[in-house]
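Below is the file run.txt, which contains compact mmCIF, C-alpha atoms.
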# COMPACT_ATOMS: atom_id res chain seq x y z
CA MET A 97 -1.25 138.57 -43.17
CA LYS A 98 -0.68 140.12 -39.75
CA ASN A 99 -2.34 137.13 -38.04
CA LEU A 100 -0.12 134.82 -40.07
CA PHE A 101 3.03 136.51 -38.77
CA ILE A 102 1.70 136.33 -35.20
CA CYS A 103 1.01 132.57 -35.49
CA LEU A 104 4.43 132.00 -37.02
CA ALA A 105 6.12 133.89 -34.20
CA VAL A 106 4.28 131.87 -31.57
CA PHE A 107 5.21 128.62 -33.35
CA LEU A 108 8.89 129.54 -33.56
CA ALA A 109 8.94 130.58 -29.91
CA GLY A 110 7.51 127.20 -28.94
CA CYS A 111 10.12 125.36 -31.01
CA SER A 112 12.88 127.46 -29.47
CA SER A 113 11.66 126.62 -25.96
CA GLN A 114 11.52 122.89 -26.67
CA ASN A 115 15.00 122.84 -28.20
CA ALA A 116 16.62 124.98 -25.51
CA ILE A 117 17.99 121.88 -23.78
CA GLU A 118 18.59 118.72 -25.79
CA LEU A 119 19.02 115.23 -24.36
CA GLU A 120 20.55 112.43 -26.45
CA VAL A 121 21.34 108.80 -25.60
CA LEU A 122 24.73 107.78 -27.00
CA THR A 123 24.52 104.09 -26.09
CA LYS A 124 23.29 102.10 -29.11
CA GLU A 125 21.35 99.30 -27.38
CA ILE A 126 20.54 97.82 -23.96
CA ASN A 127 21.11 94.20 -22.96
CA CYS A 128 18.44 92.21 -21.16
CA LYS A 129 18.80 88.76 -19.63
CA ASN A 130 16.03 86.38 -20.67
CA VAL A 131 14.93 84.97 -17.31
CA LYS A 132 11.58 83.85 -15.93
CA LEU A 133 9.73 85.81 -13.27
CA ALA A 134 10.17 83.02 -10.70
CA ASP A 135 13.96 83.11 -11.18
CA TYR A 136 14.37 86.82 -10.41
CA PRO A 137 15.23 86.50 -6.67
CA SER A 138 18.04 84.02 -7.30
CA TYR A 139 19.63 86.44 -9.76
CA MET A 140 19.49 89.45 -7.43
CA LYS A 141 23.15 89.21 -6.43
CA MET A 142 25.90 91.45 -7.72
CA ASP A 143 28.34 88.61 -8.34
CA THR A 144 26.15 86.42 -10.55
CA ILE A 145 27.10 85.77 -14.15
CA ALA A 146 23.58 86.75 -15.21
CA VAL A 147 23.97 90.26 -13.80
CA GLN A 148 27.36 90.69 -15.45
CA GLU A 149 25.98 89.57 -18.80
CA SER A 150 22.92 91.81 -18.69
CA ARG A 151 24.69 94.97 -17.54
CA THR A 152 24.71 97.93 -19.93
CA ILE A 153 26.51 101.23 -19.38
CA ILE A 154 24.15 104.02 -20.38
CA VAL A 155 25.92 107.10 -21.78
CA TYR A 156 23.94 110.24 -22.56
CA LYS A 157 24.56 113.94 -23.04
CA LEU A 158 22.65 117.09 -22.16
CA THR A 159 23.20 120.21 -24.28
CA ASN A 160 22.12 123.70 -23.29
CA ASN A 161 21.40 125.69 -26.45
CA SER A 162 20.16 128.71 -24.51
CA ASP A 163 21.90 131.70 -22.93
CA LYS A 164 20.76 130.72 -19.41
CA ASN A 165 22.67 128.86 -16.72
CA TYR A 166 20.55 126.13 -15.13
CA TYR A 167 20.76 124.30 -11.83
CA PHE A 168 19.17 120.84 -12.05
CA ASN A 169 17.51 119.63 -8.87
CA PHE A 170 16.94 115.95 -9.58
CA ASP A 171 13.56 114.65 -8.50
CA GLY A 172 12.37 111.16 -9.31
CA SER A 173 9.67 110.80 -6.66
CA ASP A 174 6.77 111.31 -9.07
CA PHE A 175 8.15 108.72 -11.49
CA LYS A 176 9.23 105.91 -9.16
CA ASP A 177 6.33 103.67 -10.21
CA HIS A 178 6.88 104.24 -13.93
CA TYR A 179 10.62 104.41 -14.60
CA ILE A 180 13.94 103.02 -13.38
CA LYS A 181 16.52 105.34 -11.80
CA ILE A 182 19.94 105.61 -13.43
CA ASN A 183 21.63 107.98 -10.99
CA LYS A 184 20.95 111.52 -12.32
CA ALA A 185 18.25 110.42 -14.75
CA LEU A 186 15.43 107.97 -15.34
CA LEU A 187 15.02 105.16 -17.86
CA SER A 188 11.67 104.68 -19.57
CA ILE A 189 10.90 101.38 -21.33
CA SER A 190 8.08 101.08 -23.86
CA ASP A 191 6.90 98.45 -26.33
CA SER A 192 6.66 98.89 -30.11
CA ALA A 193 3.22 100.48 -29.66
CA GLY A 194 4.65 103.09 -27.31
CA LYS A 195 3.07 101.66 -24.15
CA ASN A 196 5.16 102.28 -21.04
CA GLN A 197 6.31 99.12 -19.25
CA LYS A 198 5.90 99.94 -15.58
CA PRO A 199 8.31 98.32 -13.14
CA HIS A 200 6.02 96.28 -10.91
CA LEU A 201 8.47 94.20 -8.96
CA SER A 202 10.61 95.71 -6.24
CA PHE A 203 13.41 94.20 -4.19
CA PRO A 204 15.44 95.85 -1.43
CA SER A 205 18.93 96.15 -2.85
CA GLY A 206 20.59 96.67 0.50
CA GLY A 207 21.85 100.12 -0.50
CA SER A 208 25.46 99.02 -0.86
CA THR A 209 27.99 101.32 0.80
CA ASP A 210 30.98 99.89 -1.05
CA GLU A 211 32.34 103.03 -2.74
CA PHE A 212 34.30 101.01 -5.28
CA LEU A 213 31.50 98.64 -6.23
CA TYR A 214 29.80 101.01 -8.65
CA LEU A 215 33.20 101.94 -10.12
CA ASP A 216 33.68 98.31 -11.06
CA TYR A 217 30.29 98.24 -12.77
CA LEU A 218 31.23 101.32 -14.77
CA ASN A 219 34.53 99.69 -15.81
CA TYR A 220 36.71 102.04 -13.74
CA ASN A 221 39.71 100.44 -12.05
CA TYR A 222 40.91 103.18 -9.74
CA MET A 223 39.14 106.47 -10.46
CA ARG A 224 36.99 107.81 -7.66
CA LEU A 225 33.58 109.20 -8.58
CA SER A 226 31.14 110.86 -6.22
CA HIS A 227 27.56 109.62 -6.55
CA ASP A 228 26.14 111.19 -3.39
CA SER A 229 24.50 114.20 -5.08
CA LYS A 230 22.38 113.83 -8.17
CA ASN A 231 22.15 117.59 -8.77
CA PHE A 232 24.29 119.48 -11.26
CA ILE A 233 24.75 122.78 -13.11
CA LEU A 234 24.45 123.19 -16.88
CA HIS A 235 25.89 126.45 -18.16
CA ALA A 236 24.81 128.33 -21.26
CA ARG A 237 26.02 126.73 -24.53
CA GLU A 238 27.50 123.83 -22.57
CA THR A 239 27.26 120.06 -23.09
CA LEU A 240 27.56 117.65 -20.18
CA TYR A 241 28.14 113.89 -20.53
CA PHE A 242 26.79 111.34 -18.06
CA GLU A 243 27.07 107.60 -17.58
CA TRP A 244 25.51 105.03 -15.32
CA PHE A 245 24.58 101.38 -15.64
CA ILE A 246 21.38 99.38 -15.94
CA VAL A 247 20.97 95.66 -15.30
CA LEU A 248 17.84 94.46 -17.10
CA PRO A 249 15.46 93.05 -16.15
CA PHE A 250 16.66 93.76 -12.60
CA GLY A 251 16.77 97.55 -12.77
CA ASN A 252 19.51 99.46 -10.97
CA MET A 253 21.27 97.38 -8.33
CA LEU A 254 22.42 100.30 -6.13
CA GLU A 255 19.09 101.98 -5.32
CA ASP A 256 17.66 101.53 -1.81
CA VAL A 257 14.56 100.04 -3.41
CA ASN A 258 15.25 98.34 -6.70
CA TYR A 259 12.55 98.07 -9.35
CA SER A 260 12.58 95.25 -11.86
CA VAL A 261 10.54 95.05 -15.03
CA VAL A 262 8.95 92.03 -16.70
CA LEU A 263 9.66 91.94 -20.44
CA ASP A 264 8.58 89.42 -23.06
CA PRO A 265 11.55 88.24 -25.18
CA ASN A 266 9.17 87.71 -28.10
CA LYS A 267 8.32 91.40 -28.23
CA LYS A 268 10.31 94.49 -29.16
CA TYR A 269 11.06 97.15 -26.58
CA TYR A 270 12.76 100.52 -26.65
CA ALA A 271 14.26 102.74 -23.96
CA GLU A 272 14.62 106.48 -23.58
CA VAL A 273 16.25 108.62 -20.92
CA LEU A 274 14.49 111.35 -18.96
CA VAL A 275 16.02 114.12 -16.86
CA ASN A 276 13.64 115.66 -14.34
CA SER A 277 14.23 118.75 -12.23
CA ASP A 278 11.98 120.40 -9.65
CA SER A 279 12.10 124.10 -8.88
CA THR A 280 8.99 124.28 -6.69
CA ASN A 281 10.42 122.85 -3.46
CA PHE A 282 14.17 123.05 -4.09
CA LYS A 283 14.87 125.40 -1.17
CA SER A 284 13.89 122.71 1.32
CA SER A 285 15.65 119.84 -0.45
CA ILE A 286 19.16 121.08 -1.25
CA SER A 287 22.10 122.18 0.88
CA ARG A 288 22.65 125.71 2.18
CA THR A 289 25.82 125.96 0.13
CA ASP A 290 24.00 125.03 -3.08
CA LEU A 291 21.36 127.66 -2.32
CA LYS A 292 24.14 130.23 -1.90
CA THR A 293 25.77 129.09 -5.17
CA ILE A 294 22.46 129.52 -7.04
CA GLN A 295 21.84 132.94 -5.52
CA ASP A 296 25.33 134.41 -6.02
CA ASN A 297 25.72 133.16 -9.59
CA GLY A 298 22.23 133.92 -10.80
CA TYR A 299 21.46 130.33 -11.80
CA GLU A 300 17.91 129.41 -12.76
CA VAL A 301 16.56 126.19 -11.24
CA PHE A 302 15.18 124.18 -14.13
CA ASN A 303 11.63 122.92 -13.72
CA GLY A 304 10.24 120.10 -15.84
CA THR A 305 11.14 116.87 -17.59
CA ILE A 306 13.40 116.53 -20.63
CA LYS A 307 13.03 113.41 -22.77
CA SER A 308 15.83 112.11 -24.95
CA LYS A 309 15.36 112.86 -28.63
CA ASN A 310 16.08 109.23 -29.48
CA LYS A 311 15.09 105.76 -28.29
CA ILE A 312 17.36 102.72 -28.30
CA PRO A 313 16.38 99.04 -28.68
CA ILE A 314 16.50 96.42 -25.92
CA VAL A 315 18.25 93.20 -26.97
CA PHE A 316 17.52 89.88 -25.23
CA HIS A 317 20.14 87.18 -24.72
What would the structure in this file look like if it were written as structure tokens?
Amino acid sequence: MKNLFICLAVFLAGCSSQNAIELEVLTKEINCKNVKLADYPSYMKMDTIAVQESRTIIVYKLTNNSDKNYYFNFDGSDFKDHYIKINKALLSISDSAGKNQKPHLSFPSGGSTDEFLYLDYLNYNYMRLSHDSKNFILHARETLYFEWFIVLPFGNMLEDVNYSVVLDPNKKYYAEVLVNSDSTNFKSSISRTDLKTIQDNGYEVFNGTIKSKNKIPIVFH
């Protein structure tokens, strides 16, 4: 009986750890333009009708169910060959069998410096948003909401190197969002003021990857 209680305690502790921070995608589906591989380069312009039609605004939320205050130090370097960046998170695409669809085409996007361009693609007319820093703080018992856009199959048009993904319109695909934070090398990768903020407020730098609890379908058109 004693061993049973010990096993139960370990199990509950594991569940508590996994549910400490919950990630959920609020967008219901993702659009994808049905274009051939050879036609990709001609569509890689922000003003094309194809890009406008295949754009989807991804909305997701991150909930901290714990009593700790976390600083998230975004790191996508280890995932650049597997997922597509969506500002402060990553987008993973898999088929109905759960196999990850790796982005294996890359195009230089030009790294647009037009500060209002991304506002237009998020359907903001005048509001200024800062997208320079991908890091953020999630306080205890707090929920944060995020949004960014994806243009499938072209990826994210504002990254310095843009990854596209080849998808078969005759197959079913699903997407999930991942938030990754690195605490091993954060002292050499963030600003002095952020380091001071972490130190003075007793924030814990989150380490690891959080996957969304749900997946959403990709719809071809």
Fill in the blank from the handout: Pairwise distance, CA of Ser173 (chain A) with CA of Ala236 (chain A), equals 27.4 Å
Practice task
Excluding Phe232 (chain A) and residues on its chain fewer than 3 positions from it, collect all residues at most 12 Å away from it, counting all atoms listed in the file, and give them as JSON, numbers by chain.
Solution key: {"A": [158, 165, 166, 167, 168, 169, 170, 183, 184, 185, 227, 228, 229, 235, 240, 241, 242, 275, 276, 277, 286, 290, 293, 294, 299, 300, 301, 302]}
With C-alpha atoms kept, could you save the residues just selected as a PDB file, keeping the file's coordinate frame?
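Written out: result-v2.pdb:
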ATOM      1  CA  LEU A 158      22.650 117.090 -22.160  1.00  0.00           C
ATOM      2  CA  ASN A 165      22.670 128.860 -16.720  1.00  0.00           C
ATOM      3  CA  TYR A 166      20.550 126.130 -15.130  1.00  0.00           C
ATOM      4  CA  TYR A 167      20.760 124.300 -11.830  1.00  0.00           C
ATOM      5  CA  PHE A 168      19.170 120.840 -12.050  1.00  0.00           C
ATOM      6  CA  ASN A 169      17.510 119.630  -8.870  1.00  0.00           C
ATOM      7  CA  PHE A 170      16.940 115.950  -9.580  1.00  0.00           C
ATOM      8  CA  ASN A 183      21.630 107.980 -10.990  1.00  0.00           C
ATOM      9  CA  LYS A 184      20.950 111.520 -12.320  1.00  0.00           C
ATOM     10  CA  ALA A 185      18.250 110.420 -14.750  1.00  0.00           C
ATOM     11  CA  HIS A 227      27.560 109.620  -6.550  1.00  0.00           C
ATOM     12  CA  ASP A 228      26.140 111.190  -3.390  1.00  0.00           C
ATOM     13  CA  SER A 229      24.500 114.200  -5.080  1.00  0.00           C
ATOM     14  CA  HIS A 235      25.890 126.450 -18.160  1.00  0.00           C
ATOM     15  CA  LEU A 240      27.560 117.650 -20.180  1.00  0.00           C
ATOM     16  CA  TYR A 241      28.140 113.890 -20.530  1.00  0.00           C
ATOM     17  CA  PHE A 242      26.790 111.340 -18.060  1.00  0.00           C
ATOM     18  CA  VAL A 275      16.020 114.120 -16.860  1.00  0.00           C
ATOM     19  CA  ASN A 276      13.640 115.660 -14.340  1.00  0.00           C
ATOM     20  CA  SER A 277      14.230 118.750 -12.230  1.00  0.00           C
ATOM     21  CA  ILE A 286      19.160 121.080  -1.250  1.00  0.00           C
ATOM     22  CA  ASP A 290      24.000 125.030  -3.080  1.00  0.00           C
ATOM     23  CA  THR A 293      25.770 129.090  -5.170  1.00  0.00           C
ATOM     24  CA  ILE A 294      22.460 129.520  -7.040  1.00  0.00           C
ATOM     25  CA  TYR A 299      21.460 130.330 -11.800  1.00  0.00           C
ATOM     26  CA  GLU A 300      17.910 129.410 -12.760  1.00  0.00           C
ATOM     27  CA  VAL A 301      16.560 126.190 -11.240  1.00  0.00           C
ATOM     28  CA  PHE A 302      15.180 124.180 -14.130  1.00  0.00           C
TER      29      PHE A 302
END
Problem - Residue nearest Lys311 (chain A) among A:Asp278, A:Asp191, A:Asp163, A:Asp264 (counting only C-alpha atoms) - result: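 Closest candidate: A:Asp191.
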Handout entry: Distance criterion (all atoms listed in the file): nearest to Asp177 (chain A) out of A:Ser260, A:Ser190, A:Ala116, A:Ala134
Key =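 Distance minimum relative to Asp177 (chain A) lands on A:Ser260.
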Can you list, as a PDB file with C-alpha atoms, in the coordinates of the input, every protein, DNA or RNA residue that comes within 8 Å of His317 (chain A) when you count only C-alpha atoms, leaving out same-chain residues fewer than 5 positions away?
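Final output, out.pdb:
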ATOM      1  CA  ASN A 127      21.110  94.200 -22.960  1.00  0.00           C
ATOM      2  CA  CYS A 128      18.440  92.210 -21.160  1.00  0.00           C
ATOM      3  CA  LYS A 129      18.800  88.760 -19.630  1.00  0.00           C
ATOM      4  CA  ASN A 130      16.030  86.380 -20.670  1.00  0.00           C
TER       5      ASN A 130
END
Practice task
Measure the distance from CA of Gly304 (chain A) to CA of Asn115 (chain A) in Å and round it to one decimal.
Solution key: 13.5 Å
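Of the residues under consideration (A:Ile189, A:Thr289, A:Phe250, A:Lys164), A:Phe250 shows the shortest atom-to-atom contact distance to Ser138 (chain A) when counting all atoms listed in the file.
Distance annotation: of A:Val315, A:Val273, A:Leu186, A:Val247, the residue with the minimal separation from Glu149 (chain A) is A:Val247; atom set is all atoms listed in the file.
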Problem - CA of Thr159 (chain A) to CA of Ser279 (chain A), distance in Å rounded to a single decimal - result: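 Here the two named atoms are 19.4 Å from each other.
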Each region 269-317 of chain A residue no farther than 10 Å from region 194-201 of chain A, nearest pair in Å, all atoms listed in the file, as JSON lines:
{"residue": "A:Tyr269", "atom": "CA", "partner": "A:Gly194", "partner_atom": "CA", "distance": 8.8}
{"residue": "A:Tyr270", "atom": "CA", "partner": "A:Gly194", "partner_atom": "CA", "distance": 8.5}
{"residue": "A:Ala271", "atom": "CA", "partner": "A:Asn196", "partner_atom": "CA", "distance": 9.6}
